[in-house]
>>> print(open('work.tsv').read())   # TSV, C-alpha atoms
chain	number	residue	atom	x	y	z
H	1	MET	CA	-74.35	38.15	-9.23
H	2	SER	CA	-73.82	41.92	-9.32
H	3	ASP	CA	-70.55	43.72	-8.89
H	4	GLN	CA	-69.77	45.77	-5.85
H	5	PRO	CA	-69.09	49.40	-6.90
H	6	SER	CA	-65.31	49.05	-6.58
H	7	SER	CA	-65.03	45.59	-8.13
H	8	PHE	CA	-62.93	45.64	-11.26
H	9	LEU	CA	-61.97	42.07	-12.10
H	10	ARG	CA	-63.66	38.88	-10.97
H	11	ALA	CA	-63.06	35.17	-11.54
H	12	GLU	CA	-65.77	32.70	-10.54
H	13	HIS	CA	-65.15	28.94	-10.31
H	14	VAL	CA	-62.48	29.13	-13.01
H	15	LYS	CA	-60.96	25.89	-14.23
H	16	LYS	CA	-58.24	25.41	-16.85
H	17	GLN	CA	-57.35	22.08	-18.41
H	18	VAL	CA	-55.07	21.19	-21.31
H	19	THR	CA	-54.79	17.96	-23.29
H	20	SER	CA	-51.35	16.45	-23.88
H	21	ASN	CA	-50.80	13.07	-25.54
H	22	GLU	CA	-54.47	12.29	-25.03
H	23	ASN	CA	-54.13	12.98	-21.29
H	24	THR	CA	-56.08	15.80	-19.65
H	25	ILE	CA	-54.03	17.91	-17.25
H	26	THR	CA	-55.79	20.23	-14.79
H	27	ILE	CA	-53.74	23.38	-14.24
H	28	LEU	CA	-56.30	25.44	-12.33
H	29	GLN	CA	-59.41	24.30	-10.50
H	30	ASP	CA	-62.20	26.31	-8.87
H	31	ILE	CA	-60.36	29.65	-8.82
H	32	ASN	CA	-62.42	32.41	-7.17
H	33	LEU	CA	-60.93	35.89	-7.03
H	34	THR	CA	-62.17	39.47	-6.81
H	35	ILE	CA	-59.83	42.38	-7.54
H	36	ASN	CA	-60.97	45.88	-6.69
H	37	LEU	CA	-59.93	49.14	-8.29
H	38	GLY	CA	-56.63	50.31	-6.82
H	39	ASP	CA	-55.72	46.91	-5.36
H	40	THR	CA	-52.14	45.69	-5.34
H	41	LEU	CA	-52.20	41.90	-5.40
H	42	ALA	CA	-49.32	39.42	-5.44
H	43	ILE	CA	-49.96	35.88	-6.66
H	44	LEU	CA	-47.27	33.58	-5.32
H	45	GLY	CA	-46.47	30.00	-6.17
H	46	ALA	CA	-43.73	27.64	-7.22
H	47	SER	CA	-42.55	27.41	-10.82
H	48	GLY	CA	-45.08	25.42	-12.82
H	49	SER	CA	-47.93	26.06	-10.38
H	50	GLY	CA	-50.02	27.86	-13.01
H	51	LYS	CA	-49.39	31.50	-12.09
H	52	THR	CA	-48.79	32.66	-15.66
H	53	THR	CA	-51.76	30.62	-16.87
H	54	LEU	CA	-53.98	32.43	-14.35
H	55	LEU	CA	-52.62	35.79	-15.47
H	56	THR	CA	-53.36	35.06	-19.13
H	57	LEU	CA	-56.93	34.12	-18.21
H	58	LEU	CA	-57.50	37.25	-16.13
H	59	ALA	CA	-56.19	39.37	-19.01
H	60	GLY	CA	-58.37	37.65	-21.59
H	61	LEU	CA	-55.39	36.27	-23.49
H	62	ASP	CA	-56.90	32.80	-23.09
H	63	LEU	CA	-60.29	31.46	-22.01
H	64	PRO	CA	-61.03	29.10	-19.11
H	65	THR	CA	-62.19	25.53	-19.63
H	66	ALA	CA	-64.98	26.26	-17.16
H	67	GLY	CA	-66.06	29.18	-14.99
H	68	ASP	CA	-66.45	32.89	-15.71
H	69	ILE	CA	-64.20	35.95	-15.78
H	70	TYR	CA	-65.51	39.52	-15.72
H	71	LEU	CA	-63.50	42.67	-16.46
H	72	GLN	CA	-65.62	45.59	-15.31
H	73	GLN	CA	-69.01	44.93	-16.93
H	74	HIS	CA	-67.53	42.70	-19.66
H	75	HIS	CA	-67.94	38.92	-19.51
H	76	LEU	CA	-64.69	37.81	-21.15
H	77	ASN	CA	-66.03	34.35	-21.99
H	78	GLN	CA	-68.63	35.94	-24.28
H	79	LEU	CA	-66.21	38.17	-26.22
H	80	ASN	CA	-64.37	37.06	-29.36
H	81	GLU	CA	-60.60	37.52	-29.69
H	82	ASP	CA	-60.88	40.89	-31.46
H	83	GLN	CA	-63.22	42.22	-28.77
H	84	ARG	CA	-60.92	41.00	-26.00
H	85	ALA	CA	-57.91	42.56	-27.76
H	86	ALA	CA	-59.72	45.91	-28.02
H	87	LEU	CA	-60.57	45.72	-24.31
H	88	ARG	CA	-56.96	44.94	-23.39
H	89	LEU	CA	-55.76	47.89	-25.47
H	90	ARG	CA	-57.98	50.27	-23.49
H	91	GLN	CA	-57.78	48.78	-20.01
H	92	ILE	CA	-54.67	46.64	-19.51
H	93	GLY	CA	-50.90	47.10	-19.41
H	94	PHE	CA	-48.37	44.25	-19.32
H	95	ILE	CA	-44.85	43.91	-17.93
H	96	PHE	CA	-43.07	40.64	-18.73
H	97	GLN	CA	-39.95	38.93	-17.37
H	98	SER	CA	-38.39	38.86	-20.83
H	99	PHE	CA	-39.32	42.53	-21.56
H	100	LEU	CA	-40.78	41.71	-25.03
H	101	LEU	CA	-39.58	44.93	-26.65
H	102	LEU	CA	-39.58	44.98	-30.44
H	103	PRO	CA	-35.89	44.85	-31.47
H	104	THR	CA	-36.37	47.01	-34.58
H	105	LEU	CA	-37.92	49.88	-32.62
H	106	THR	CA	-36.16	52.39	-30.36
H	107	ALA	CA	-37.11	52.88	-26.72
H	108	LEU	CA	-39.28	55.82	-27.78
H	109	GLU	CA	-40.95	53.88	-30.60
H	110	ASN	CA	-41.61	50.86	-28.36
H	111	THR	CA	-43.28	53.12	-25.81
H	112	MET	CA	-45.34	54.93	-28.46
H	113	LEU	CA	-46.62	51.72	-30.02
H	114	PRO	CA	-49.73	51.09	-27.84
H	115	LEU	CA	-50.86	54.68	-28.35
H	116	GLU	CA	-50.43	54.52	-32.12
H	117	ILE	CA	-52.31	51.21	-32.29
H	118	ALA	CA	-55.11	52.89	-30.33
H	119	GLY	CA	-55.29	55.63	-32.98
H	120	MET	CA	-53.48	58.50	-31.27
H	121	SER	CA	-51.68	60.91	-33.57
H	122	TYR	CA	-47.93	60.50	-33.98
H	123	GLN	CA	-47.12	63.79	-32.26
H	124	GLN	CA	-49.39	63.15	-29.28
H	125	ALA	CA	-48.06	59.61	-28.91
H	126	LYS	CA	-44.49	60.90	-29.05
H	127	GLU	CA	-45.10	63.53	-26.40
H	128	GLN	CA	-46.80	61.07	-24.06
H	129	ALA	CA	-44.10	58.43	-24.58
H	130	ILE	CA	-41.34	60.95	-23.83
H	131	TYR	CA	-43.17	61.97	-20.66
H	132	TRP	CA	-43.25	58.36	-19.44
H	133	LEU	CA	-39.66	57.62	-20.43
H	134	GLU	CA	-38.66	60.67	-18.41
H	135	LYS	CA	-40.68	59.24	-15.50
H	136	VAL	CA	-38.55	56.08	-15.60
H	137	LYS	CA	-35.37	58.18	-16.00
H	138	LEU	CA	-34.59	57.15	-19.58
H	139	GLN	CA	-34.75	60.53	-21.30
H	140	HIS	CA	-31.13	60.01	-22.39
H	141	ARG	CA	-31.98	56.68	-24.07
H	142	LEU	CA	-34.95	57.65	-26.26
H	143	HIS	CA	-33.35	56.65	-29.54
H	144	HIS	CA	-31.52	53.53	-28.39
H	145	TYR	CA	-32.57	50.11	-29.63
H	146	PRO	CA	-33.16	47.29	-27.10
H	147	THR	CA	-29.83	45.61	-27.92
H	148	LYS	CA	-28.08	48.80	-26.78
H	149	LEU	CA	-29.91	48.88	-23.44
H	150	SER	CA	-29.11	46.97	-20.26
H	151	GLY	CA	-31.64	44.54	-18.82
H	152	GLY	CA	-32.74	47.10	-16.24
H	153	GLU	CA	-33.12	49.77	-18.91
H	154	GLN	CA	-35.19	47.44	-21.09
H	155	GLN	CA	-37.44	46.71	-18.14
H	156	ARG	CA	-37.88	50.44	-17.53
H	157	VAL	CA	-38.94	50.86	-21.17
H	158	ALA	CA	-41.41	48.02	-20.62
H	159	ILE	CA	-42.79	49.81	-17.55
H	160	ALA	CA	-43.15	53.06	-19.49
H	161	ARG	CA	-44.93	51.18	-22.28
H	162	ALA	CA	-47.28	49.57	-19.73
H	163	PHE	CA	-48.24	52.88	-18.12
H	164	VAL	CA	-48.30	55.08	-21.25
H	165	SER	CA	-51.92	54.38	-22.16
H	166	MET	CA	-53.06	54.96	-18.55
H	167	PRO	CA	-54.59	51.47	-18.14
H	168	ALA	CA	-56.91	50.56	-15.29
H	169	VAL	CA	-54.85	47.47	-14.43
H	170	ILE	CA	-51.26	46.37	-14.94
H	171	PHE	CA	-50.26	42.70	-14.95
H	172	ALA	CA	-46.61	42.02	-14.13
H	173	ASP	CA	-45.28	38.50	-14.71
H	174	GLU	CA	-42.01	37.73	-12.82
H	175	MET	CA	-40.80	41.15	-13.90
H	176	THR	CA	-37.53	41.06	-11.94
H	177	GLY	CA	-36.69	37.43	-12.76
H	178	ASN	CA	-33.98	38.33	-15.30
H	179	LEU	CA	-32.43	41.16	-13.27
H	180	ASP	CA	-29.70	41.25	-10.64
H	181	THR	CA	-30.73	42.00	-7.05
H	182	HIS	CA	-29.81	45.70	-7.07
H	183	THR	CA	-31.51	46.39	-10.39
H	184	GLY	CA	-34.54	44.34	-9.35
H	185	GLU	CA	-34.96	46.43	-6.20
H	186	PHE	CA	-34.75	49.64	-8.24
H	187	ILE	CA	-37.39	48.32	-10.66
H	188	MET	CA	-39.67	47.34	-7.75
H	189	ASP	CA	-39.33	50.81	-6.20
H	190	LEU	CA	-40.13	52.40	-9.54
H	191	LEU	CA	-43.17	50.21	-10.19
H	192	PHE	CA	-44.77	50.79	-6.80
H	193	SER	CA	-44.02	54.52	-6.94
H	194	LEU	CA	-45.75	54.87	-10.31
H	195	ASN	CA	-48.58	52.65	-9.11
H	196	GLN	CA	-49.23	54.96	-6.15
H	197	GLN	CA	-49.08	58.06	-8.32
H	198	GLN	CA	-51.49	56.70	-10.93
H	199	LYS	CA	-53.80	54.70	-8.59
H	200	THR	CA	-53.55	51.80	-11.02
H	201	THR	CA	-54.68	48.31	-10.05
H	202	LEU	CA	-51.59	46.10	-9.95
H	203	VAL	CA	-51.52	42.30	-10.18
H	204	ILE	CA	-48.07	40.74	-9.79
H	205	VAL	CA	-47.19	37.11	-10.44
H	206	THR	CA	-43.99	36.33	-8.57
H	207	HIS	CA	-42.03	33.85	-6.50
H	208	ASP	CA	-40.24	36.81	-4.81
H	209	SER	CA	-41.58	37.05	-1.25
H	210	GLU	CA	-40.01	40.52	-0.79
H	211	MET	CA	-41.95	41.92	-3.73
H	212	ALA	CA	-45.11	40.22	-2.49
H	213	THR	CA	-44.88	41.86	0.94
H	214	ARG	CA	-45.15	45.28	-0.74
H	215	CYS	CA	-48.62	44.43	-2.05
H	216	GLN	CA	-51.81	45.00	-0.07
H	217	ARG	CA	-52.95	41.42	-0.71
H	218	ARG	CA	-51.10	38.15	-1.22
H	219	MET	CA	-52.47	34.85	-2.48
H	220	LEU	CA	-50.79	31.47	-2.95
H	221	LEU	CA	-51.46	29.28	-5.99
H	222	GLN	CA	-50.84	25.67	-5.06
H	223	GLU	CA	-52.14	22.44	-6.58
H	224	GLY	CA	-54.42	24.44	-8.84
H	225	THR	CA	-56.19	26.35	-6.09
H	226	LEU	CA	-55.80	29.92	-4.81
H	227	GLN	CA	-55.73	30.75	-1.10
H	228	PRO	CA	-54.86	33.88	0.94
H	229	CYS	CA	-51.41	33.82	2.48
>>> encode(input="work.tsv", output="structure tokens")
Amino acid sequence: MSDQPSSFLRAEHVKKQVTSNENTITILQDINLTINLGDTLAILGASGSGKTTLLTLLAGLDLPTAGDIYLQQHHLNQLNEDQRAALRLRQIGFIFQSFLLLPTLTALENTMLPLEIAGMSYQQAKEQAIYWLEKVKLQHRLHHYPTKLSGGEQQRVAIARAFVSMPAVIFADEMTGNLDTHTGEFIMDLLFSLNQQQKTTLVIVTHDSEMATRCQRRMLLQEGTLQPC
């Protein structure tokens, strides 16, 4: 099956099972999904429905029990972990509910990290990280450690870190779940504004219907299957 020109990410008949106490549990079954360049997609579902599991499969952090996942021309099932990690470094940004900033690094250093891992020079990485921290209005917090930042500020650092390498797609997993309503709305506004500016593909896992309505497409994960909603 060949890609359409705009197709970026595709899952075909994806199934995920895990074994626990000798019992096999099916988390996802027969997931079919095509995500095009520039899409904004919300994946909704109750807690425990498998949303995060699906996200980890789409990002190549885990492999399906059955079925196939393609990122651009790459068949993720056929890549080893190092190859998938290299692909994620070039193509994917992540924003997590728990921020996942390194506590021993400042906001600037956390934002620089993906660029330095990719081989960019220190000075170039610093300049690009400062640019993105200014974009999220944290230029006054460059040298603060995560413990000295509020939850909203930590999430803004995480957004800057996700965008800094100019990825083709950003995966956001319940990114406002640990924030109060006002801060969560600010973070949503910021994310969608940057998304429009950069024309980045955005895939959001959420149980927040308000956030979902801001996406072009919405799908519901229920009983292991994915349906438009």
>>> residues_around(input="work.tsv", residues="Leu54 of chain H", least_positions_apart="6", cutoff="9 Å", atoms="all atoms listed in the file", output="list of chain:residue names")
H:Lys16, H:Leu28, H:Ile31
>>> residues_around(input="work.tsv", residues="segment 83-92 of chain H", least_positions_apart="6", cutoff="9 Å", atoms="all atoms listed in the file", output="PyMOL selection string")
chain H and resi 59-61+71+74+76+114-115+117-118+162+165-171
>>> atom_distance(input="work.tsv", atom1="atom CA of Gln198 of chain H", atom2="atom CA of Ser150 of chain H")
26.1 Å
>>> closest_residue(input="work.tsv", among="H:Gly177, H:Gly67, H:Gly93, H:Gly184", to="Asn32 of chain H", atoms="all atoms listed in the file")
H:Gly67
>>> closest_residue(input="work.tsv", among="H:Ser98, H:Asn77, H:Ser121, H:Ser49", to="Ala172 of chain H", atoms="all atoms listed in the file")
H:Ser98
>>> closest_residue(input="work.tsv", among="H:Phe99, H:Phe192, H:Tyr70, H:Phe94", to="His13 of chain H", atoms="all atoms listed in the file")
H:Tyr70
>>> atom_distance(input="work.tsv", atom1="atom CA of Ser193 of chain H", atom2="atom CA of Gln124 of chain H")
24.5 Å
>>> closest_residue(input="work.tsv", among="H:Leu100, H:Leu9, H:Ala42, H:Leu191", to="Arg217 of chain H", atoms="all atoms listed in the file")
H:Ala42
>>> closest_residue(input="work.tsv", among="H:Ala125, H:Leu37, H:Ile43, H:Leu142", to="Thr201 of chain H", atoms="all atoms listed in the file")
H:Leu37
>>> axis_aligned_box(input="work.tsv", around="segment 176-180 of chain H", padding_each_side="3 Å", output="JSON")
{"center_x": -33.6, "center_y": 39.3, "center_z": -13.0, "size_x": 13.8, "size_y": 9.8, "size_z": 10.7}
